[in-house]
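Chemist: Sharing start_10.tsv, TSV, C-alpha atoms:
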chain	number	residue	atom	x	y	z
A	98	MET	CA	-14.49	-44.21	-51.22
A	99	ALA	CA	-13.03	-41.13	-49.51
A	100	GLU	CA	-13.89	-40.74	-45.85
A	101	PHE	CA	-16.08	-37.75	-44.97
A	102	ASP	CA	-14.09	-35.02	-43.23
A	103	TRP	CA	-16.07	-34.11	-40.10
A	104	ALA	CA	-13.68	-31.20	-39.50
A	105	ILE	CA	-15.56	-29.36	-42.26
A	106	ILE	CA	-18.63	-29.12	-40.04
A	107	GLY	CA	-16.96	-28.70	-36.68
A	108	GLY	CA	-15.28	-32.03	-35.88
A	109	ALA	CA	-16.53	-34.68	-33.44
A	110	ALA	CA	-18.07	-31.94	-31.31
A	111	ALA	CA	-20.65	-31.45	-34.07
A	112	GLY	CA	-22.15	-34.92	-33.47
A	113	PRO	CA	-24.61	-34.04	-30.66
A	114	TYR	CA	-25.87	-30.98	-32.59
A	115	PHE	CA	-26.39	-33.04	-35.77
A	116	ILE	CA	-28.17	-35.87	-33.91
A	117	ALA	CA	-30.42	-33.56	-31.84
A	118	ALA	CA	-31.49	-31.56	-34.92
A	119	PHE	CA	-31.96	-34.76	-36.97
A	120	LEU	CA	-34.23	-36.48	-34.42
A	121	ALA	CA	-36.27	-33.37	-33.56
A	122	SER	CA	-36.77	-32.49	-37.24
A	123	LEU	CA	-37.68	-36.10	-38.02
A	124	VAL	CA	-40.72	-35.86	-35.73
A	125	GLU	CA	-41.87	-32.58	-37.31
A	126	PHE	CA	-41.36	-33.82	-40.89
A	127	VAL	CA	-43.30	-37.03	-40.16
A	128	GLU	CA	-46.25	-34.92	-38.94
A	129	ALA	CA	-46.10	-32.64	-42.00
A	130	MET	CA	-45.79	-35.67	-44.32
A	131	THR	CA	-48.96	-37.21	-42.85
A	132	ILE	CA	-50.94	-34.09	-43.82
A	133	ILE	CA	-49.33	-33.82	-47.28
A	134	LEU	CA	-50.10	-37.49	-47.99
A	135	ALA	CA	-53.70	-37.03	-46.81
A	136	VAL	CA	-54.15	-34.03	-49.12
A	137	GLY	CA	-52.37	-35.72	-52.02
A	138	THR	CA	-54.53	-38.83	-51.91
A	139	THR	CA	-57.85	-36.98	-51.46
A	140	ARG	CA	-57.52	-33.57	-53.19
A	141	GLY	CA	-54.77	-34.37	-55.70
A	142	TRP	CA	-50.98	-34.11	-55.70
A	143	ARG	CA	-50.80	-30.75	-57.51
A	144	PRO	CA	-52.34	-28.61	-54.71
A	145	ALA	CA	-50.60	-30.76	-52.05
A	146	LEU	CA	-47.13	-30.23	-53.50
A	147	LEU	CA	-47.76	-26.59	-54.49
A	148	GLY	CA	-48.91	-25.77	-50.94
A	149	ALA	CA	-45.91	-27.53	-49.39
A	150	ALA	CA	-43.47	-25.86	-51.81
A	151	THR	CA	-44.96	-22.39	-51.16
A	152	GLY	CA	-44.70	-22.97	-47.41
A	153	ALA	CA	-41.07	-24.06	-47.79
A	154	VAL	CA	-40.25	-20.93	-49.84
A	155	LEU	CA	-41.83	-18.71	-47.15
A	156	LEU	CA	-39.70	-20.41	-44.48
A	157	ILE	CA	-36.52	-19.96	-46.54
A	158	VAL	CA	-37.31	-16.24	-46.97
A	159	LEU	CA	-37.86	-15.92	-43.19
A	160	VAL	CA	-34.53	-17.62	-42.42
A	161	VAL	CA	-32.64	-15.49	-44.98
A	162	LEU	CA	-34.19	-12.28	-43.60
A	163	LEU	CA	-33.93	-13.05	-39.88
A	164	GLY	CA	-30.83	-15.27	-39.75
A	165	PRO	CA	-28.20	-12.50	-40.08
A	166	ALA	CA	-29.89	-10.59	-37.22
A	167	LEU	CA	-28.63	-13.28	-34.81
A	168	ARG	CA	-25.04	-12.04	-35.33
A	169	LEU	CA	-26.01	-8.67	-33.88
A	170	ILE	CA	-26.97	-10.17	-30.48
A	171	PRO	CA	-24.19	-10.58	-27.85
A	172	ILE	CA	-23.40	-14.30	-27.40
A	173	ALA	CA	-24.23	-14.46	-23.65
A	174	VAL	CA	-27.65	-12.85	-24.24
A	175	LEU	CA	-28.27	-15.15	-27.22
A	176	GLN	CA	-27.33	-18.25	-25.19
A	177	LEU	CA	-29.60	-17.24	-22.30
A	178	PHE	CA	-32.56	-16.33	-24.55
A	179	ILE	CA	-32.22	-19.45	-26.71
A	180	GLY	CA	-31.62	-21.58	-23.62
A	181	VAL	CA	-34.89	-20.47	-22.03
A	182	LEU	CA	-36.83	-21.11	-25.27
A	183	LEU	CA	-35.20	-24.54	-25.67
A	184	LEU	CA	-35.94	-25.39	-22.04
A	185	LEU	CA	-39.65	-24.52	-22.43
A	186	PHE	CA	-39.85	-26.34	-25.78
A	187	GLY	CA	-37.94	-29.43	-24.61
A	188	MET	CA	-39.72	-29.75	-21.24
A	189	ARG	CA	-43.09	-29.47	-23.02
A	190	TRP	CA	-42.17	-32.43	-25.25
A	191	LEU	CA	-40.58	-34.39	-22.42
A	192	ARG	CA	-43.57	-33.90	-20.08
A	193	LYS	CA	-46.00	-35.08	-22.78
A	194	ALA	CA	-43.82	-38.07	-23.71
A	195	MET	CA	-43.55	-39.03	-20.02
A	196	LEU	CA	-47.33	-38.79	-19.52
A	197	ARG	CA	-47.87	-40.85	-22.71
A	198	SER	CA	-45.38	-43.48	-21.49
A	199	CYS	CA	-47.32	-43.71	-18.20
A	200	GLY	CA	-50.61	-44.10	-20.08
A	201	VAL	CA	-51.98	-40.87	-18.58
A	202	ILE	CA	-52.58	-39.37	-22.04
A	203	ALA	CA	-53.19	-41.21	-25.31
A	204	LEU	CA	-50.37	-42.01	-27.73
A	205	HIS	CA	-50.07	-39.91	-30.91
A	206	ASP	CA	-51.49	-42.04	-33.74
A	207	GLU	CA	-50.41	-41.02	-37.26
A	208	VAL	CA	-52.86	-43.49	-38.90
A	209	GLN	CA	-55.80	-42.05	-36.93
A	210	ILE	CA	-54.72	-38.48	-37.80
A	211	PHE	CA	-54.37	-39.50	-41.47
A	212	ASP	CA	-57.86	-41.08	-41.46
A	213	GLU	CA	-59.48	-38.04	-39.77
A	214	GLU	CA	-57.70	-35.64	-42.11
A	215	THR	CA	-58.69	-37.58	-45.25
A	216	LYS	CA	-62.34	-37.75	-44.09
A	217	GLN	CA	-62.46	-33.96	-43.51
A	218	LEU	CA	-60.77	-33.30	-46.85
A	219	ARG	CA	-63.18	-35.61	-48.72
A	220	ASP	CA	-66.19	-33.94	-47.07
A	221	ALA	CA	-64.95	-30.43	-47.89
A	222	GLY	CA	-66.41	-28.82	-51.02
A	223	ALA	CA	-64.47	-28.05	-54.18
A	224	VAL	CA	-63.05	-24.52	-54.55
A	225	SER	CA	-60.51	-23.93	-57.30
A	226	ILE	CA	-58.45	-20.92	-58.33
A	227	ALA	CA	-56.46	-21.14	-61.59
A	228	GLY	CA	-57.08	-24.87	-61.62
A	229	VAL	CA	-55.57	-25.39	-58.16
A	230	ASP	CA	-57.71	-26.82	-55.35
A	231	VAL	CA	-57.67	-24.10	-52.65
A	232	ILE	CA	-58.47	-26.35	-49.67
A	233	GLY	CA	-55.71	-28.80	-50.53
A	234	PHE	CA	-53.24	-25.96	-51.15
A	235	ILE	CA	-54.01	-24.15	-47.86
A	236	THR	CA	-53.94	-27.37	-45.82
A	237	THR	CA	-50.43	-28.38	-46.93
A	238	PHE	CA	-49.21	-24.77	-46.88
A	239	LYS	CA	-50.30	-24.41	-43.24
A	240	ALA	CA	-48.84	-27.80	-42.23
A	241	THR	CA	-45.51	-27.02	-43.90
A	242	VAL	CA	-45.25	-23.54	-42.36
A	243	LEU	CA	-46.22	-24.65	-38.84
A	244	GLU	CA	-44.08	-27.81	-38.70
A	245	GLY	CA	-41.32	-26.05	-40.65
A	246	LEU	CA	-41.27	-23.15	-38.18
A	247	GLU	CA	-40.59	-25.68	-35.43
A	248	VAL	CA	-37.71	-27.14	-37.48
A	249	VAL	CA	-36.28	-23.65	-38.12
A	250	PHE	CA	-36.51	-22.85	-34.41
A	251	ILE	CA	-34.89	-26.17	-33.45
A	252	VAL	CA	-31.99	-25.73	-35.90
A	253	ILE	CA	-31.33	-22.11	-34.91
A	254	ALA	CA	-31.75	-22.73	-31.18
A	255	ILE	CA	-29.54	-25.83	-31.11
A	256	GLY	CA	-26.91	-24.47	-33.48
A	257	ALA	CA	-26.66	-20.73	-32.91
A	258	GLY	CA	-25.56	-20.76	-29.25
A	259	GLY	CA	-22.38	-22.69	-29.94
A	260	GLY	CA	-21.60	-21.76	-33.54
A	261	MET	CA	-22.93	-25.12	-34.76
A	262	LEU	CA	-25.56	-23.97	-37.26
A	263	LEU	CA	-24.08	-26.02	-40.10
A	264	PRO	CA	-24.20	-29.46	-38.39
A	265	ALA	CA	-27.66	-28.65	-37.00
A	266	SER	CA	-28.87	-27.65	-40.50
A	267	LEU	CA	-27.36	-30.82	-41.98
A	268	GLY	CA	-29.18	-32.88	-39.34
A	269	ALA	CA	-32.51	-31.32	-40.30
A	270	ALA	CA	-31.76	-31.74	-44.02
A	271	ALA	CA	-30.94	-35.44	-43.49
A	272	ALA	CA	-34.27	-35.90	-41.67
A	273	LEU	CA	-36.13	-34.18	-44.53
A	274	VAL	CA	-34.46	-36.42	-47.15
A	275	LEU	CA	-35.29	-39.54	-45.11
A	276	VAL	CA	-38.96	-38.62	-44.57
A	277	VAL	CA	-39.50	-37.54	-48.21
A	278	ALA	CA	-37.85	-40.75	-49.46
A	279	LEU	CA	-40.02	-42.89	-47.17
A	280	GLY	CA	-43.14	-40.91	-48.12
A	281	LEU	CA	-42.44	-41.37	-51.84
A	282	ALA	CA	-41.75	-45.06	-51.38
A	283	LEU	CA	-44.71	-45.90	-49.12
A	284	HIS	CA	-47.42	-43.33	-50.03
A	285	ARG	CA	-48.76	-43.98	-46.52
A	286	PRO	CA	-48.36	-42.23	-43.16
A	287	LEU	CA	-45.19	-43.26	-41.35
A	288	ALA	CA	-47.08	-45.09	-38.62
A	289	ARG	CA	-44.27	-47.45	-37.68
A	290	VAL	CA	-42.02	-44.67	-36.48
A	291	PRO	CA	-41.80	-45.15	-32.68
A	292	GLU	CA	-43.00	-41.60	-32.21
A	293	ASN	CA	-43.28	-41.44	-28.43
A	294	ALA	CA	-39.82	-42.96	-27.92
A	295	LEU	CA	-38.52	-40.45	-30.45
A	296	LYS	CA	-40.26	-37.56	-28.70
A	297	PHE	CA	-38.96	-38.79	-25.33
A	298	THR	CA	-35.41	-38.79	-26.70
A	299	VAL	CA	-35.81	-35.42	-28.42
A	300	GLY	CA	-37.36	-33.91	-25.27
A	301	ILE	CA	-34.30	-35.00	-23.29
A	302	LEU	CA	-31.83	-33.70	-25.91
A	303	ILE	CA	-33.56	-30.32	-26.33
A	304	THR	CA	-33.94	-29.90	-22.55
A	305	THR	CA	-30.25	-30.75	-22.16
A	306	PHE	CA	-29.23	-28.07	-24.65
A	307	GLY	CA	-31.63	-25.59	-23.00
A	308	VAL	CA	-30.24	-26.10	-19.49
A	309	PHE	CA	-26.66	-26.03	-20.84
A	310	TRP	CA	-27.14	-22.75	-22.74
A	311	ILE	CA	-28.85	-21.10	-19.76
A	312	GLY	CA	-25.85	-22.03	-17.60
A	313	GLU	CA	-23.45	-20.73	-20.26
A	314	GLY	CA	-25.48	-17.54	-20.66
A	315	LEU	CA	-25.39	-16.93	-16.89
A	316	GLY	CA	-21.65	-17.54	-16.85
A	317	LEU	CA	-21.87	-20.66	-14.64
A	318	ALA	CA	-19.08	-23.24	-14.80
A	319	TRP	CA	-20.15	-26.69	-15.99
A	320	PRO	CA	-18.26	-29.66	-14.49
A	321	GLY	CA	-16.58	-31.29	-17.50
A	322	ASP	CA	-17.08	-28.19	-19.71
A	323	ASP	CA	-18.65	-29.30	-23.03
A	324	TRP	CA	-18.80	-32.92	-21.75
A	325	ALA	CA	-21.51	-31.65	-19.41
A	326	LEU	CA	-23.93	-32.14	-22.34
A	327	LEU	CA	-23.40	-35.89	-21.95
A	328	TRP	CA	-23.87	-36.18	-18.19
A	329	LEU	CA	-26.75	-33.69	-18.27
A	330	ALA	CA	-28.57	-35.84	-20.84
A	331	LEU	CA	-27.96	-38.99	-18.77
A	332	VAL	CA	-29.15	-37.35	-15.53
A	333	ILE	CA	-32.33	-36.00	-17.21
A	334	LEU	CA	-32.95	-39.42	-18.80
A	335	ALA	CA	-32.53	-41.23	-15.47
A	336	ALA	CA	-34.81	-38.78	-13.62
A	337	SER	CA	-37.47	-39.00	-16.36
A	338	LEU	CA	-37.45	-42.81	-16.49
A	339	ALA	CA	-37.59	-43.05	-12.70
A	340	THR	CA	-40.59	-40.69	-12.63
A	341	VAL	CA	-42.39	-42.66	-15.36
A	342	ARG	CA	-41.76	-45.89	-13.44
A	343	ARG	CA	-43.07	-44.32	-10.23
A	344	VAL	CA	-46.29	-43.15	-11.91
A	345	GLN	CA	-46.77	-46.54	-13.60
A	346	VAL	CA	-46.45	-48.32	-10.24
A	347	ARG	CA	-48.87	-45.87	-8.59
A	348	LEU	CA	-51.43	-46.31	-11.37
A	349	ALA	CA	-51.06	-50.10	-11.25
A	350	VAL	CA	-51.79	-50.31	-7.52
A	351	ALA	CA	-54.57	-47.69	-7.59
A	352	PRO	CA	-58.09	-49.12	-7.13
B	73	MET	CA	-55.09	-18.24	-40.89
B	74	SER	CA	-55.56	-15.15	-38.69
B	75	PHE	CA	-52.75	-13.30	-36.92
B	76	LYS	CA	-54.20	-14.42	-33.58
B	77	ALA	CA	-54.10	-18.07	-34.70
B	78	ILE	CA	-50.43	-17.69	-35.70
B	79	ILE	CA	-49.57	-16.17	-32.30
B	80	ASN	CA	-51.47	-18.98	-30.54
B	81	GLU	CA	-49.58	-21.59	-32.59
B	82	LEU	CA	-46.22	-19.97	-31.75
B	83	PHE	CA	-47.15	-19.67	-28.05
B	84	GLY	CA	-48.21	-23.33	-28.09
B	85	LEU	CA	-44.71	-24.34	-29.21
B	86	PHE	CA	-43.37	-23.38	-25.80
B	87	VAL	CA	-46.30	-23.53	-23.41
B	88	ASP	CA	-48.59	-26.51	-22.97
B	89	ASP	CA	-49.06	-26.64	-19.22
B	90	GLY	CA	-48.97	-23.04	-17.95
B	91	SER	CA	-47.79	-23.91	-14.44
B	92	LEU	CA	-44.77	-25.81	-15.79
B	93	ALA	CA	-43.72	-22.86	-17.97
B	94	VAL	CA	-44.22	-20.32	-15.15
B	95	ASN	CA	-42.29	-22.43	-12.62
B	96	LEU	CA	-39.40	-22.92	-15.07
B	97	LEU	CA	-39.23	-19.19	-15.77
B	98	VAL	CA	-39.44	-18.26	-12.08
B	99	TRP	CA	-36.68	-20.75	-11.21
B	100	THR	CA	-34.51	-19.41	-14.06
B	101	VAL	CA	-34.85	-15.85	-12.72
B	102	CYS	CA	-34.32	-16.90	-9.06
B	103	ALA	CA	-31.43	-19.26	-9.78
B	104	GLY	CA	-29.88	-16.80	-12.20
B	105	ALA	CA	-30.04	-13.89	-9.77
B	106	THR	CA	-28.91	-15.88	-6.73
B	107	LEU	CA	-26.15	-17.88	-8.40
B	108	VAL	CA	-24.73	-14.95	-10.32
B	109	LEU	CA	-24.79	-12.70	-7.22
B	110	LEU	CA	-23.12	-15.42	-5.14
B	111	ALA	CA	-20.72	-16.22	-7.96
B	112	ASP	CA	-17.61	-17.91	-6.66
B	113	GLY	CA	-16.98	-19.97	-9.76
B	114	GLY	CA	-17.91	-23.15	-7.88
B	115	VAL	CA	-18.81	-26.17	-9.98
B	116	TRP	CA	-21.87	-26.86	-7.78
B	117	GLN	CA	-23.82	-23.92	-9.22
B	118	ALA	CA	-24.80	-25.36	-12.61
B	119	PRO	CA	-25.77	-28.80	-11.16
B	120	LEU	CA	-27.88	-27.01	-8.51
B	121	MET	CA	-29.70	-25.08	-11.23
B	122	THR	CA	-30.27	-28.36	-13.14
B	123	ALA	CA	-31.65	-30.05	-10.00
B	124	GLY	CA	-34.23	-27.26	-9.68
B	125	TYR	CA	-35.44	-27.77	-13.26
B	126	LEU	CA	-35.71	-31.53	-12.73
B	127	ALA	CA	-37.63	-31.07	-9.47
B	128	ILE	CA	-40.13	-28.82	-11.30
B	129	LEU	CA	-40.60	-31.37	-14.11
B	130	ILE	CA	-41.01	-34.33	-11.74
B	131	GLU	CA	-43.52	-32.48	-9.53
B	132	ASN	CA	-45.53	-31.47	-12.61
B	133	VAL	CA	-45.68	-35.01	-14.04
B	134	LEU	CA	-46.64	-36.55	-10.66
B	135	ARG	CA	-49.33	-33.90	-10.14
B	136	SER	CA	-50.70	-34.31	-13.70
B	137	ALA	CA	-50.91	-38.09	-13.23
B	138	ARG	CA	-52.63	-37.68	-9.83
B	139	GLU	CA	-55.16	-35.19	-11.25
B	140	SER	CA	-55.92	-37.41	-14.25
B	141	LYS	CA	-56.48	-40.39	-11.93
B	142	SER	CA	-58.90	-38.46	-9.69
B	143	SER	CA	-60.85	-36.93	-12.62
Once you've parsed the file, please lay out its structure as structure tokens.

Modeler:
Amino acid sequence: MAEFDWAIIGGAAAGPYFIAAFLASLVEFVEAMTIILAVGTTRGWRPALLGAATGAVLLIVLVVLLGPALRLIPIAVLQLFIGVLLLLFGMRWLRKAMLRSCGVIALHDEVQIFDEETKQLRDAGAVSIAGVDVIGFITTFKATVLEGLEVVFIVIAIGAGGGMLLPASLGAAAALVLVVALGLALHRPLARVPENALKFTVGILITTFGVFWIGEGLGLAWPGDDWALLWLALVILAASLATVRRVQVRLAVAP
Amino acid sequence: MSFKAIINELFGLFVDDGSLAVNLLVWTVCAGATLVLLADGGVWQAPLMTAGYLAILIENVLRSARESKSS
């Protein structure tokens, strides 16, 4: 079997962009899949899949319309703007994952969300248009658009600043294929995905890219140039783990 | 879904705890202005900016944990 030529998508440097987009998209697709499965098993698969497909088409139209506009923005401005958005997005995830690891806030439970969603969907009345259940359609449409918007943002934000849109897109596509395959095989929410560990990792990766792009956008010199992504991620990981440990110790000794 | 709900959802992507978001933005503006004005190309500038972001995150998590314990 011929070896895949990584040079096509940017060489070894593409790895971090692929991995960051893959992991972040995985979390979003798992959340969307939970809703689609809940709708499919309670309201029928036709409205569930139609709603998800319509949402996906809307997202594709948005990307096709807005994507080329990115080329009009000067690279330093784009890096700074995207860096700030990534920083806010990544720190929000990282903060929540840290507080969940400490036990300060409850863990995200896909089975509980699935059960609550199926109960609400069962209790909802029947409204059909052209033979399609409206509640089921709207529920999956909304879930696909909202979670999908996050994926689109992640891919563009991670990839656009360094000309790595292709590896970032491939990372998201790989996550989609994996989640759809698992959803088709299991027909159950993906509860065994270690979601908080995944969110912790993604929070660190997205924050790393955010801080890096802000520095690039401001014209600051990074020690190690592009290798700064690696030490930045390690420093943020170490600081986050140390903080979690400190809070755990404080909570354990508190009366 | 109303337009307001869409805006709220988009805003919620980036802002969960308002004080964290404000502090990060303020530090970005302060660090950006100061470091760019004092630009000497030194390699300490980017790590200093990173240290500020980490300090903001750590303070926020410690404060959130303290507040949740006392509530």

Chemist: At a cut-off of 10 Å, which residues of chain A touch chain B? Count only C-alpha atoms and give the answer as JSON, numbers by chain.

Modeler: {"A": [177, 181, 182, 183, 184, 185, 186, 187, 188, 189, 190, 191, 192, 193, 195, 196, 199, 200, 201, 202, 235, 239, 243, 246, 247, 250, 304, 305, 308, 309, 311, 312, 313, 314, 315, 316, 317, 318, 319, 320, 321, 325, 329, 332, 333, 336, 337, 339, 340, 341, 343, 344, 345, 347, 348, 351]}

Chemist: Distance atom CA of Ala270 of chain A-atom CA of Thr241 of chain A, one decimal place?

Modeler: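 According to the coordinates, atom CA of Ala270 of chain A and atom CA of Thr241 of chain A are separated by 14.5 Å.
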
Chemist: Atom CA of Ala349 of chain A to atom CA of Pro291 of chain A: how many Å, to one decimal?

Modeler: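 Calculated distance between atom CA of Ala349 of chain A and atom CA of Pro291 of chain A is 23.9 Å.
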
Chemist: Atom CA of Ala117 of chain A and atom CA of Leu302 of chain A are how many Å apart?

Modeler: 6.1 Å

Chemist: Within 8 Å of (-27.8, -16.9, -25.0) (file coordinates; all atoms listed in the file), which protein or nucleic acid residues are there? I'd like them as JSON, numbers by chain.

Modeler: {"A": [171, 172, 173, 174, 175, 176, 177, 178, 179, 180, 258, 310, 311, 313, 314]}

Chemist: For segment 85-95 of chain B, what centre and edge lengths in Å (one decimal) does the axis-aligned box get once 3 Å is added on each side of all its listed atoms, as AutoDock Vina command-line options?

Modeler:
--center_x -45.7 --center_y -23.5 --center_z -20.9 --size_x 12.8 --size_y 12.3 --size_z 22.6

Chemist: Can you tell me, as a PyMOL selection string, which residues sit within 9 Å of (-48.1, -34.0, -44.7) in the file's frame, using only C-alpha atoms?

Modeler: chain A and resi 126-137+145+149+211+236-237+240-241+286

Chemist: Restricting the calculation to only C-alpha atoms, which member of A:Gly233, A:Gly256, A:Gly245, A:Gly280 is positioned closest to Gly141 of chain A?

Modeler: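 Among the listed residues, the smallest separation from Gly141 of chain A belongs to A:Gly233.
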
Chemist: Quick test: take segment 152-163 of chain A, keep N, CA and C atoms, and write it as an mmCIF file, in the first residue's frame.

Modeler:
data_model
loop_
_atom_site.group_PDB
_atom_site.id
_atom_site.type_symbol
_atom_site.label_atom_id
_atom_site.label_comp_id
_atom_site.auth_asym_id
_atom_site.auth_seq_id
_atom_site.Cartn_x
_atom_site.Cartn_y
_atom_site.Cartn_z
ATOM 1 N N GLY A 152 -29.399 21.383 7.969
ATOM 2 C CA GLY A 152 -28.452 22.177 8.754
ATOM 3 C C GLY A 152 -27.060 22.137 8.131
ATOM 4 N N ALA A 153 -26.660 20.945 7.674
ATOM 5 C CA ALA A 153 -25.325 20.801 7.065
ATOM 6 C C ALA A 153 -25.236 21.609 5.777
ATOM 7 N N VAL A 154 -26.318 21.604 4.977
ATOM 8 C CA VAL A 154 -26.323 22.372 3.719
ATOM 9 C C VAL A 154 -26.199 23.865 4.018
ATOM 10 N N LEU A 155 -26.930 24.341 5.050
ATOM 11 C CA LEU A 155 -26.854 25.758 5.428
ATOM 12 C C LEU A 155 -25.419 26.143 5.818
ATOM 13 N N LEU A 156 -24.760 25.258 6.567
ATOM 14 C CA LEU A 156 -23.377 25.530 6.985
ATOM 15 C C LEU A 156 -22.438 25.585 5.783
ATOM 16 N N ILE A 157 -22.638 24.661 4.829
ATOM 17 C CA ILE A 157 -21.785 24.642 3.631
ATOM 18 C C ILE A 157 -21.963 25.942 2.838
ATOM 19 N N VAL A 158 -23.225 26.398 2.721
ATOM 20 C CA VAL A 158 -23.500 27.658 2.008
ATOM 21 C C VAL A 158 -22.794 28.820 2.709
ATOM 22 N N LEU A 159 -22.864 28.844 4.048
ATOM 23 C CA LEU A 159 -22.205 29.906 4.825
ATOM 24 C C LEU A 159 -20.699 29.920 4.570
ATOM 25 N N VAL A 160 -20.092 28.726 4.595
ATOM 26 C CA VAL A 160 -18.639 28.625 4.399
ATOM 27 C C VAL A 160 -18.266 29.081 2.986
ATOM 28 N N VAL A 161 -19.047 28.645 1.985
ATOM 29 C CA VAL A 161 -18.754 29.007 0.594
ATOM 30 C C VAL A 161 -18.888 30.517 0.394
ATOM 31 N N LEU A 162 -19.890 31.122 1.052
ATOM 32 C CA LEU A 162 -20.109 32.563 0.892
ATOM 33 C C LEU A 162 -19.075 33.397 1.654
ATOM 34 N N LEU A 163 -18.779 32.971 2.891
ATOM 35 C CA LEU A 163 -17.922 33.795 3.749
ATOM 36 C C LEU A 163 -16.435 33.442 3.646
#
